[in-house]
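The next block is model-v7.cif, given as mmCIF, C-alpha atoms and all ligand atoms.
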data_my_file
loop_
_atom_site.group_PDB
_atom_site.id
_atom_site.type_symbol
_atom_site.label_atom_id
_atom_site.label_comp_id
_atom_site.auth_asym_id
_atom_site.auth_seq_id
_atom_site.Cartn_x
_atom_site.Cartn_y
_atom_site.Cartn_z
ATOM 1 C CA MET O 2 94.232 134.118 78.538
ATOM 2 C CA SER O 3 94.774 130.706 80.050
ATOM 3 C CA PHE O 4 97.930 128.657 79.630
ATOM 4 C CA THR O 5 98.186 125.252 81.283
ATOM 5 C CA VAL O 6 101.358 123.407 82.195
ATOM 6 C CA ALA O 7 100.734 119.746 83.114
ATOM 7 C CA ILE O 8 103.501 118.054 85.083
ATOM 8 C CA ASP O 9 103.093 114.354 85.811
ATOM 9 C CA GLY O 10 105.370 111.660 87.144
ATOM 10 C CA PRO O 11 105.995 109.215 89.981
ATOM 11 C CA ALA O 12 106.569 110.103 93.647
ATOM 12 C CA ALA O 13 109.737 112.073 94.465
ATOM 13 C CA ALA O 14 110.807 112.601 90.841
ATOM 14 C CA GLY O 15 111.065 116.371 91.334
ATOM 15 C CA LYS O 16 107.616 117.423 90.038
ATOM 16 C CA GLY O 17 106.861 119.648 92.992
ATOM 17 C CA THR O 18 110.181 121.497 92.909
ATOM 18 C CA ILE O 19 109.986 122.027 89.160
ATOM 19 C CA SER O 20 106.327 123.088 89.333
ATOM 20 C CA ARG O 21 106.937 125.668 92.051
ATOM 21 C CA ALA O 22 109.957 127.099 90.210
ATOM 22 C CA VAL O 23 108.087 127.312 86.907
ATOM 23 C CA ALA O 24 105.043 128.909 88.550
ATOM 24 C CA ALA O 25 107.245 131.547 90.207
ATOM 25 C CA ARG O 26 109.188 132.197 86.991
ATOM 26 C CA PHE O 27 106.079 132.804 84.844
ATOM 27 C CA GLY O 28 103.699 134.103 87.514
ATOM 28 C CA PHE O 29 101.365 131.109 87.080
ATOM 29 C CA ALA O 30 99.138 129.713 89.834
ATOM 30 C CA HIS O 31 100.235 126.282 91.082
ATOM 31 C CA LEU O 32 98.169 123.314 92.267
ATOM 32 C CA ASP O 33 99.832 120.254 93.811
ATOM 33 C CA THR O 34 97.036 117.801 92.989
ATOM 34 C CA GLY O 35 98.609 115.103 95.182
ATOM 35 C CA LEU O 36 97.475 117.201 98.139
ATOM 36 C CA LEU O 37 93.833 116.676 97.106
ATOM 37 C CA TYR O 38 94.276 112.906 97.365
ATOM 38 C CA ARG O 39 96.346 113.224 100.544
ATOM 39 C CA ALA O 40 93.576 115.302 102.158
ATOM 40 C CA VAL O 41 90.935 112.747 101.131
ATOM 41 C CA GLY O 42 93.160 109.932 102.434
ATOM 42 C CA ALA O 43 93.457 111.709 105.797
ATOM 43 C CA LYS O 44 89.685 112.137 106.082
ATOM 44 C CA VAL O 45 89.126 108.479 105.220
ATOM 45 C CA ALA O 46 91.713 107.448 107.824
ATOM 46 C CA ALA O 47 89.654 109.498 110.303
ATOM 47 C CA GLY O 48 86.526 107.523 109.398
ATOM 48 C CA ALA O 49 84.915 109.419 106.476
ATOM 49 C CA ALA O 50 83.495 107.693 103.398
ATOM 50 C CA PRO O 51 85.854 108.220 100.406
ATOM 51 C CA GLU O 52 83.508 109.820 97.866
ATOM 52 C CA ALA O 53 81.810 112.024 100.472
ATOM 53 C CA ALA O 54 85.231 113.156 101.707
ATOM 54 C CA ALA O 55 86.280 114.106 98.169
ATOM 55 C CA LEU O 56 83.028 115.980 97.481
ATOM 56 C CA ALA O 57 83.308 117.907 100.762
ATOM 57 C CA LEU O 58 86.941 118.998 100.285
ATOM 58 C CA VAL O 59 87.638 122.695 100.963
ATOM 59 C CA PRO O 60 90.905 124.610 100.420
ATOM 60 C CA ALA O 61 91.725 124.643 104.151
ATOM 61 C CA ASP O 62 91.890 120.811 104.055
ATOM 62 C CA LEU O 63 94.988 121.090 101.859
ATOM 63 C CA GLU O 64 96.839 122.715 104.716
ATOM 64 C CA GLY O 65 96.062 119.956 107.208
ATOM 65 C CA PRO O 66 98.949 118.775 109.403
ATOM 66 C CA GLY O 67 100.796 115.607 108.458
ATOM 67 C CA LEU O 68 99.806 115.528 104.793
ATOM 68 C CA ARG O 69 103.443 115.240 103.639
ATOM 69 C CA THR O 70 104.353 112.030 105.468
ATOM 70 C CA LEU O 71 105.041 108.677 103.761
ATOM 71 C CA GLU O 72 101.946 107.306 105.476
ATOM 72 C CA ALA O 73 99.756 110.084 104.049
ATOM 73 C CA GLY O 74 101.219 109.351 100.598
ATOM 74 C CA GLN O 75 100.260 105.691 100.865
ATOM 75 C CA ALA O 76 96.747 106.580 102.072
ATOM 76 C CA ALA O 77 96.431 109.008 99.133
ATOM 77 C CA SER O 78 97.585 106.383 96.660
ATOM 78 C CA ARG O 79 94.928 103.971 97.996
ATOM 79 C CA VAL O 80 91.968 106.390 97.792
ATOM 80 C CA ALA O 81 93.226 107.485 94.354
ATOM 81 C CA THR O 82 92.284 104.054 92.967
ATOM 82 C CA ILE O 83 88.577 104.751 93.693
ATOM 83 C CA PRO O 84 86.890 106.078 90.509
ATOM 84 C CA GLU O 85 84.234 108.053 92.474
ATOM 85 C CA VAL O 86 86.978 109.904 94.368
ATOM 86 C CA ARG O 87 88.788 110.799 91.134
ATOM 87 C CA ALA O 88 85.536 111.913 89.471
ATOM 88 C CA ALA O 89 84.685 114.161 92.424
ATOM 89 C CA LEU O 90 87.982 116.036 92.019
ATOM 90 C CA VAL O 91 87.973 116.554 88.227
ATOM 91 C CA GLU O 92 85.976 119.785 87.940
ATOM 92 C CA PHE O 93 87.941 121.669 90.554
ATOM 93 C CA GLN O 94 91.220 120.769 88.830
ATOM 94 C CA ARG O 95 89.938 121.734 85.365
ATOM 95 C CA ARG O 96 88.678 125.101 86.606
ATOM 96 C CA PHE O 97 92.006 125.748 88.272
ATOM 97 C CA ALA O 98 93.835 124.850 85.047
ATOM 98 C CA ARG O 99 91.853 127.283 82.928
ATOM 99 C CA GLN O 100 92.078 130.341 85.186
ATOM 100 C CA PRO O 101 93.277 133.511 83.458
ATOM 101 C CA GLY O 102 96.980 134.176 83.827
ATOM 102 C CA GLY O 103 98.176 130.593 83.547
ATOM 103 C CA ALA O 104 98.417 127.549 85.813
ATOM 104 C CA VAL O 105 100.765 124.698 86.611
ATOM 105 C CA LEU O 106 99.244 121.462 87.902
ATOM 106 C CA ASP O 107 101.373 118.567 89.039
ATOM 107 C CA GLY O 108 100.135 115.039 89.637
ATOM 108 C CA ARG O 109 99.725 111.689 87.889
ATOM 109 C CA ASP O 110 96.941 112.167 85.317
ATOM 110 C CA ILE O 111 97.055 115.866 84.462
ATOM 111 C CA GLY O 112 98.290 115.506 80.870
ATOM 112 C CA THR O 113 96.284 112.350 80.177
ATOM 113 C CA VAL O 114 92.882 112.931 81.849
ATOM 114 C CA ILE O 115 92.475 116.292 83.585
ATOM 115 C CA CYS O 116 93.989 118.581 80.946
ATOM 116 C CA PRO O 117 94.563 116.682 77.705
ATOM 117 C CA GLU O 118 94.588 120.112 75.991
ATOM 118 C CA ALA O 119 97.399 121.528 78.153
ATOM 119 C CA GLU O 120 99.767 123.768 76.215
ATOM 120 C CA VAL O 121 102.814 122.096 77.802
ATOM 121 C CA LYS O 122 103.035 118.536 79.154
ATOM 122 C CA LEU O 123 106.021 117.291 81.062
ATOM 123 C CA TYR O 124 106.591 113.813 82.456
ATOM 124 C CA VAL O 125 109.190 114.092 85.194
ATOM 125 C CA THR O 126 110.791 110.834 86.242
ATOM 126 C CA ALA O 127 113.913 109.323 87.840
ATOM 127 C CA SER O 128 115.044 105.837 88.849
ATOM 128 C CA ALA O 129 113.306 104.321 91.886
ATOM 129 C CA GLU O 130 116.656 104.279 93.735
ATOM 130 C CA VAL O 131 117.293 107.990 93.160
ATOM 131 C CA ARG O 132 113.729 108.878 94.164
ATOM 132 C CA ALA O 133 113.910 106.738 97.302
ATOM 133 C CA HIS O 134 117.191 108.405 98.266
ATOM 134 C CA ARG O 135 115.635 111.873 97.872
ATOM 135 C CA ARG O 136 112.619 110.841 99.921
ATOM 136 C CA TRP O 137 114.909 109.369 102.589
ATOM 137 C CA LEU O 138 116.838 112.659 102.813
ATOM 138 C CA GLU O 139 113.497 114.388 103.503
ATOM 139 C CA VAL O 140 111.839 111.956 105.871
ATOM 140 C CA GLY O 141 114.620 109.679 107.181
ATOM 141 C CA GLY O 142 113.854 106.146 108.361
ATOM 142 C CA GLU O 143 115.153 102.841 107.068
ATOM 143 C CA PRO O 144 116.476 103.251 103.457
ATOM 144 C CA ALA O 145 115.310 99.796 102.302
ATOM 145 C CA GLN O 146 111.850 100.507 103.677
ATOM 146 C CA VAL O 147 111.677 103.873 101.878
ATOM 147 C CA LEU O 148 112.663 102.172 98.586
ATOM 148 C CA ALA O 149 110.041 99.468 99.127
ATOM 149 C CA GLU O 150 107.382 102.143 99.708
ATOM 150 C CA VAL O 151 108.394 104.042 96.567
ATOM 151 C CA ARG O 152 108.110 100.816 94.542
ATOM 152 C CA GLU O 153 104.788 99.911 96.142
ATOM 153 C CA ARG O 154 103.344 103.349 95.350
ATOM 154 C CA ASP O 155 104.650 103.203 91.743
ATOM 155 C CA ALA O 156 103.016 99.818 91.243
ATOM 156 C CA ARG O 157 99.671 101.041 92.600
ATOM 157 C CA ASP O 158 99.714 104.379 90.740
ATOM 158 C CA MET O 159 100.751 102.798 87.428
ATOM 159 C CA GLY O 160 98.650 99.672 87.771
ATOM 160 C CA ARG O 161 95.243 101.086 88.703
ATOM 161 C CA ALA O 162 92.439 100.808 86.155
ATOM 162 C CA ASP O 163 91.229 104.428 86.376
ATOM 163 C CA ALA O 164 93.655 107.142 85.148
ATOM 164 C CA PRO O 165 96.882 105.186 85.741
ATOM 165 C CA LEU O 166 100.174 107.050 85.848
ATOM 166 C CA ARG O 167 101.715 107.130 82.373
ATOM 167 C CA PRO O 168 103.184 109.808 80.107
ATOM 168 C CA ALA O 169 100.727 111.428 77.689
ATOM 169 C CA ASP O 170 101.633 110.618 74.081
ATOM 170 C CA ASP O 171 102.692 114.226 73.530
ATOM 171 C CA ALA O 172 104.505 114.724 76.869
ATOM 172 C CA VAL O 173 108.170 115.669 76.986
ATOM 173 C CA ILE O 174 110.035 113.221 79.242
ATOM 174 C CA LEU O 175 112.405 114.795 81.746
ATOM 175 C CA ASP O 176 114.565 112.221 83.557
ATOM 176 C CA THR O 177 116.051 113.923 86.620
ATOM 177 C CA SER O 178 118.139 110.929 87.822
ATOM 178 C CA ASP O 179 121.378 112.684 86.845
ATOM 179 C CA LEU O 180 120.159 116.292 86.690
ATOM 180 C CA SER O 181 120.566 119.022 89.281
ATOM 181 C CA ILE O 182 117.422 120.888 90.300
ATOM 182 C CA ASP O 183 118.658 123.962 88.446
ATOM 183 C CA ALA O 184 119.274 122.007 85.239
ATOM 184 C CA ALA O 185 115.859 120.331 85.409
ATOM 185 C CA VAL O 186 114.112 123.675 86.020
ATOM 186 C CA ALA O 187 116.069 125.273 83.157
ATOM 187 C CA GLN O 188 114.849 122.569 80.750
ATOM 188 C CA ALA O 189 111.243 123.025 81.849
ATOM 189 C CA VAL O 190 111.490 126.820 81.540
ATOM 190 C CA ALA O 191 113.001 126.553 78.044
ATOM 191 C CA LEU O 192 110.186 124.286 76.919
ATOM 192 C CA ILE O 193 107.497 126.644 78.212
ATOM 193 C CA GLU O 194 109.192 129.693 76.688
ATOM 194 C CA ALA O 195 109.373 127.966 73.307
ATOM 195 C CA ARG O 196 105.687 127.035 73.495
ATOM 196 C CA ARG O 197 104.670 130.560 74.515
ATOM 197 C CA LYS O 198 106.576 132.042 71.566
ATOM 198 C CA SER O 199 105.030 129.613 69.102
ATOM 199 C CA GLY O 200 101.606 130.783 70.387
HETATM 200 O O1 LIG O 301 102.197 113.571 94.331
HETATM 201 P P1 LIG O 301 101.904 112.927 95.700
HETATM 202 O O2 LIG O 301 102.986 111.999 96.164
HETATM 203 O O3 LIG O 301 101.540 113.930 96.734
HETATM 204 O O4 LIG O 301 100.573 112.034 95.447
HETATM 205 C C1 LIG O 301 100.038 111.208 96.446
HETATM 206 C C2 LIG O 301 99.187 110.118 95.784
HETATM 207 O O5 LIG O 301 98.006 110.710 95.227
HETATM 208 C C3 LIG O 301 99.842 109.379 94.644
HETATM 209 O O6 LIG O 301 100.562 108.245 95.081
HETATM 210 C C4 LIG O 301 98.679 109.000 93.749
HETATM 211 C C5 LIG O 301 97.649 110.068 94.014
HETATM 212 N N1 LIG O 301 97.531 111.066 92.941
HETATM 213 C C6 LIG O 301 96.774 110.729 91.848
HETATM 214 O O7 LIG O 301 96.291 109.595 91.761
HETATM 215 N N2 LIG O 301 96.559 111.647 90.870
HETATM 216 C C7 LIG O 301 97.100 112.875 90.934
HETATM 217 N N3 LIG O 301 96.865 113.749 89.954
HETATM 218 C C8 LIG O 301 97.916 113.212 92.036
HETATM 219 C C9 LIG O 301 98.124 112.287 93.024
#
How does the structure come out when it is put into structure tokens?
Ligand code: DC
Amino acid sequence: MSFTVAIDGPAAAGKGTISRAVAARFGFAHLDTGLLYRAVGAKVAAGAAPEAAALALVPADLEGPGLRTLEAGQAASRVATIPEVRAALVEFQRRFARQPGGAVLDGRDIGTVICPEAEVKLYVTASAEVRAHRRWLEVGGEPAQVLAEVRERDARDMGRADAPLRPADDAVILDTSDLSIDAAVAQAVALIEARRKSG
């Protein structure tokens, strides 16, 4: 039996942490779909054509060095505006979502485009200032620059024509600005448990 949890939201809102915790709690497989775009962005930075890079992606590419940097995030956000790149990655994500045993996918368009039928949809967000502070704790650098990059990425991810970042109509909004990680995870777990009980 498949069971899909779709977790969308802007950069550094806590999607990844919540997704990993939920996957561990329920024994679901987890796919960080941002890594797909980061891997394509890295190949394009190395000279590949965007669509060809997306079509040629293999699992080992998701473990490439340097995919977690701010720079890799910006490169990912840029290639993610290209419809052919997005189209090339759809099938893999849908197959992953429907595997037996359950799956959690986190990204920007999981509840709206990739898995509109997901059993649970969460939209995890937080203020740009809180997200920039979290990112700065991870990567360091100049705080104002980190905030500017968060805002720039939000604008591109929300403003693109193809599959822009937005909550699905039936998504539950989880604002983590003033929530601890434990409290945010507890809310996500409660939602999934309720949905599993209701069948
Ligand atoms: O979640 P992340 O920061 O690793 O994502 C990097 C970029 O990839 C993000 O700015 C936009 C793009 N992305 C996307 O367009 N759709 C997804 N499902 C996941 C990521």
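Across O:Val121, O:Val131, O:Ile111, O:Leu175, the tightest approach to Glu194 in chain O is made by O:Val121 when counting all atoms listed in the file.
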Write out as a Markdown table the residues of chain O that have any atom within 6 Å of an atom of ligand LIG 301 (chain O), one row each with the nearest atom pair and its distance in Å to one decimal, counting all atoms listed in the file, sorted by chain and then rising number.
| residue | atom | partner | partner_atom | distance |
| --- | --- | --- | --- | --- |
| O:Ala12 | CA | O:LIG301 | O2 | 4.8 |
| O:Thr34 | CA | O:LIG301 | C8 | 4.8 |
| O:Gly35 | CA | O:LIG301 | O3 | 3.5 |
| O:Leu36 | CA | O:LIG301 | O3 | 5.4 |
| O:Tyr38 | CA | O:LIG301 | O5 | 4.8 |
| O:Arg39 | CA | O:LIG301 | C1 | 5.9 |
| O:Gly74 | CA | O:LIG301 | C1 | 4.7 |
| O:Ala77 | CA | O:LIG301 | C2 | 4.5 |
| O:Ser78 | CA | O:LIG301 | O6 | 3.9 |
| O:Ala81 | CA | O:LIG301 | O7 | 4.5 |
| O:Gly108 | CA | O:LIG301 | N3 | 3.5 |
| O:Arg109 | CA | O:LIG301 | N3 | 4.1 |
| O:Asp110 | CA | O:LIG301 | N3 | 4.9 |
| O:Ile111 | CA | O:LIG301 | N3 | 5.9 |
| O:Arg154 | CA | O:LIG301 | O6 | 5.6 |
| O:Asp158 | CA | O:LIG301 | C4 | 5.6 |
> Skipping near chain neighbours, those fewer than 2 positions away, what residues fall within 12 Å of Gly67 in chain O using all atoms listed in the file, listed as number ranges by chain?
Replying inline: O: 36, 39-40, 42-44, 62-65, 69-74, 76, 140
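Of note, CA of Val41 in chain O and CA of Ser20 in chain O are spaced 22.0 Å apart.
Distance-wise, CA of Gly141 in chain O and CA of Leu37 in chain O end up 24.1 Å apart.
With all atoms listed in the file as the atoms that count, the residue of O:Val125, O:Leu138, O:Ala187, O:Ala149 with the shortest distance to Gly15 in chain O is O:Val125.
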>> When you count all atoms listed in the file, which of these residues is closest to Arg161 in chain O: O:Ile115, O:Val80, O:Ala98, O:Leu32?
In response: O:Val80
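For the atom pair formed by CA of Asp183 in chain O and CA of Leu148 in chain O, the distance is 24.8 Å, given to one decimal.
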>> For the provided coordinates, the residues matched by the PyMOL selection byres (((chain O and resi 157) around 10) and not hetatm) should be stated as number ranges by chain.
In response: O: 75, 78-79, 81-82, 152-156, 158-162, 165-166
>> Which residues would end up in the selection if the PyMOL selection byres (((chain O and resi 26) around 12) and not hetatm) were applied here, given that I need the answer as a PyMOL selection string?
In response: chain O and resi 19-25+27-31+103-105+186-187+189-191+193-194
Keeping only C-alpha atoms, take the residues you just selected and write them out as a short mmCIF file (atom, residue, chain, number, x, y, z; two decimals), in the coordinates of the input.
data_model
loop_
_atom_site.label_atom_id
_atom_site.label_comp_id
_atom_site.auth_asym_id
_atom_site.auth_seq_id
_atom_site.Cartn_x
_atom_site.Cartn_y
_atom_site.Cartn_z
CA ILE O 19 109.99 122.03 89.16
CA SER O 20 106.33 123.09 89.33
CA ARG O 21 106.94 125.67 92.05
CA ALA O 22 109.96 127.10 90.21
CA VAL O 23 108.09 127.31 86.91
CA ALA O 24 105.04 128.91 88.55
CA ALA O 25 107.24 131.55 90.21
CA PHE O 27 106.08 132.80 84.84
CA GLY O 28 103.70 134.10 87.51
CA PHE O 29 101.36 131.11 87.08
CA ALA O 30 99.14 129.71 89.83
CA HIS O 31 100.24 126.28 91.08
CA GLY O 103 98.18 130.59 83.55
CA ALA O 104 98.42 127.55 85.81
CA VAL O 105 100.76 124.70 86.61
CA VAL O 186 114.11 123.68 86.02
CA ALA O 187 116.07 125.27 83.16
CA ALA O 189 111.24 123.02 81.85
CA VAL O 190 111.49 126.82 81.54
CA ALA O 191 113.00 126.55 78.04
CA ILE O 193 107.50 126.64 78.21
CA GLU O 194 109.19 129.69 76.69
#
Kindly provide, as lines of an AutoDock Vina configuration file, the centre and edge lengths (Å, one decimal) of an axis-aligned box around all atoms of range 122-131 of chain O given in the file, with 6 Å on each side.
center_x = 110.2
center_y = 111.4
center_z = 86.4
size_x = 26.3
size_y = 26.3
size_z = 26.6
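Around Ala13 in chain O, within 7 Å and counting only C-alpha atoms, the residues found are O:Arg132, O:Arg135, O:Arg136, once anything fewer than 6 positions away on its own chain is removed.
Nearest to Ala164 in chain O of all the residues O:Thr113, O:Ser128, O:Thr5, O:Thr18 is O:Thr113, counting all atoms listed in the file.
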>> I'd like the residues picked by the PyMOL selection byres (((chain O and resi 171) around 10) and not hetatm) written out as number ranges by chain, using the chain letters and numbers from the file.
In response: O: 112-113, 117, 121-124, 168-170, 172-174
> What's the 6 Å shell around Ser3 in chain O, counting only C-alpha atoms, without same-chain residues fewer than 5 positions away, as number ranges by chain?
Replying inline: O: 99-103
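Between Glu118 in chain O and the residues O:Ala46, O:Ala55, O:Leu192, O:Ala7, the shortest atom-to-atom distance, using only C-alpha atoms, involves O:Ala7.
Around the point (86.0, 116.3, 88.7), within 12 Å and counting only C-alpha atoms, we find these residues: Thr34, Leu37, Glu52, Ala55, Leu56, Leu58, Pro84, Glu85, Val86, Arg87, Ala88, Ala89, Leu90, Val91, Glu92, Phe93, Gln94, Arg95, Arg96, Phe97, Ile111, Val114, Ile115 and Cys116 of chain O.
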Atoms kept (C-alpha atoms) for selection, written as a JSON list (two decimals), in the coordinates of the input:
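Ended up saving to again-v2.json:
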[["chain", "number", "residue", "atom", "x", "y", "z"],
["O", 34, "THR", "CA", 97.04, 117.80, 92.99],
["O", 37, "LEU", "CA", 93.83, 116.68, 97.11],
["O", 52, "GLU", "CA", 83.51, 109.82, 97.87],
["O", 55, "ALA", "CA", 86.28, 114.11, 98.17],
["O", 56, "LEU", "CA", 83.03, 115.98, 97.48],
["O", 58, "LEU", "CA", 86.94, 119.00, 100.28],
["O", 84, "PRO", "CA", 86.89, 106.08, 90.51],
["O", 85, "GLU", "CA", 84.23, 108.05, 92.47],
["O", 86, "VAL", "CA", 86.98, 109.90, 94.37],
["O", 87, "ARG", "CA", 88.79, 110.80, 91.13],
["O", 88, "ALA", "CA", 85.54, 111.91, 89.47],
["O", 89, "ALA", "CA", 84.68, 114.16, 92.42],
["O", 90, "LEU", "CA", 87.98, 116.04, 92.02],
["O", 91, "VAL", "CA", 87.97, 116.55, 88.23],
["O", 92, "GLU", "CA", 85.98, 119.78, 87.94],
["O", 93, "PHE", "CA", 87.94, 121.67, 90.55],
["O", 94, "GLN", "CA", 91.22, 120.77, 88.83],
["O", 95, "ARG", "CA", 89.94, 121.73, 85.36],
["O", 96, "ARG", "CA", 88.68, 125.10, 86.61],
["O", 97, "PHE", "CA", 92.01, 125.75, 88.27],
["O", 111, "ILE", "CA", 97.06, 115.87, 84.46],
["O", 114, "VAL", "CA", 92.88, 112.93, 81.85],
["O", 115, "ILE", "CA", 92.48, 116.29, 83.58],
["O", 116, "CYS", "CA", 93.99, 118.58, 80.95]]
Reconstructed N, CA, C and O atoms for range 124-139 of chain O, given as a tab-separated table (two decimals), in the coordinates of the input:
chain	number	residue	atom	x	y	z
O	124	TYR	N	106.61	115.01	81.63
O	124	TYR	CA	106.59	113.81	82.46
O	124	TYR	C	107.95	113.73	83.13
O	124	TYR	O	108.96	113.49	82.49
O	125	VAL	N	107.94	114.02	84.44
O	125	VAL	CA	109.19	114.09	85.19
O	125	VAL	C	109.41	112.76	85.89
O	125	VAL	O	108.53	112.30	86.65
O	126	THR	N	110.54	112.13	85.64
O	126	THR	CA	110.79	110.83	86.24
O	126	THR	C	112.23	110.73	86.72
O	126	THR	O	113.04	111.65	86.52
O	127	ALA	N	112.55	109.64	87.40
O	127	ALA	CA	113.91	109.32	87.84
O	127	ALA	C	113.87	107.88	88.30
O	127	ALA	O	112.79	107.34	88.57
O	128	SER	N	115.03	107.24	88.43
O	128	SER	CA	115.04	105.84	88.85
O	128	SER	C	114.44	105.72	90.25
O	128	SER	O	114.49	106.67	91.05
O	129	ALA	N	113.91	104.54	90.56
O	129	ALA	CA	113.31	104.32	91.89
O	129	ALA	C	114.35	104.54	92.98
O	129	ALA	O	114.04	105.09	94.04
O	130	GLU	N	115.61	104.14	92.71
O	130	GLU	CA	116.66	104.28	93.74
O	130	GLU	C	116.94	105.76	94.03
O	130	GLU	O	117.05	106.16	95.19
O	131	VAL	N	117.04	106.55	92.97
O	131	VAL	CA	117.29	107.99	93.16
O	131	VAL	C	116.12	108.64	93.89
O	131	VAL	O	116.30	109.43	94.82
O	132	ARG	N	114.90	108.28	93.52
O	132	ARG	CA	113.73	108.88	94.16
O	132	ARG	C	113.64	108.47	95.64
O	132	ARG	O	113.31	109.29	96.50
O	133	ALA	N	113.96	107.21	95.91
O	133	ALA	CA	113.91	106.74	97.30
O	133	ALA	C	114.97	107.47	98.13
O	133	ALA	O	114.72	107.85	99.28
O	134	HIS	N	116.13	107.70	97.53
O	134	HIS	CA	117.19	108.40	98.27
O	134	HIS	C	116.74	109.83	98.59
O	134	HIS	O	116.92	110.31	99.72
O	135	ARG	N	116.13	110.50	97.62
O	135	ARG	CA	115.64	111.87	97.87
O	135	ARG	C	114.59	111.87	98.98
O	135	ARG	O	114.59	112.73	99.86
O	136	ARG	N	113.67	110.91	98.91
O	136	ARG	CA	112.62	110.84	99.92
O	136	ARG	C	113.23	110.59	101.30
O	136	ARG	O	112.83	111.17	102.29
O	137	TRP	N	114.25	109.70	101.32
O	137	TRP	CA	114.91	109.37	102.59
O	137	TRP	C	115.60	110.60	103.18
O	137	TRP	O	115.56	110.83	104.39
O	138	LEU	N	116.21	111.43	102.31
O	138	LEU	CA	116.84	112.66	102.81
O	138	LEU	C	115.79	113.57	103.47
O	138	LEU	O	116.08	114.26	104.44
O	139	GLU	N	114.57	113.55	102.95
O	139	GLU	CA	113.50	114.39	103.50
O	139	GLU	C	112.91	113.82	104.79
O	139	GLU	O	112.70	114.55	105.75
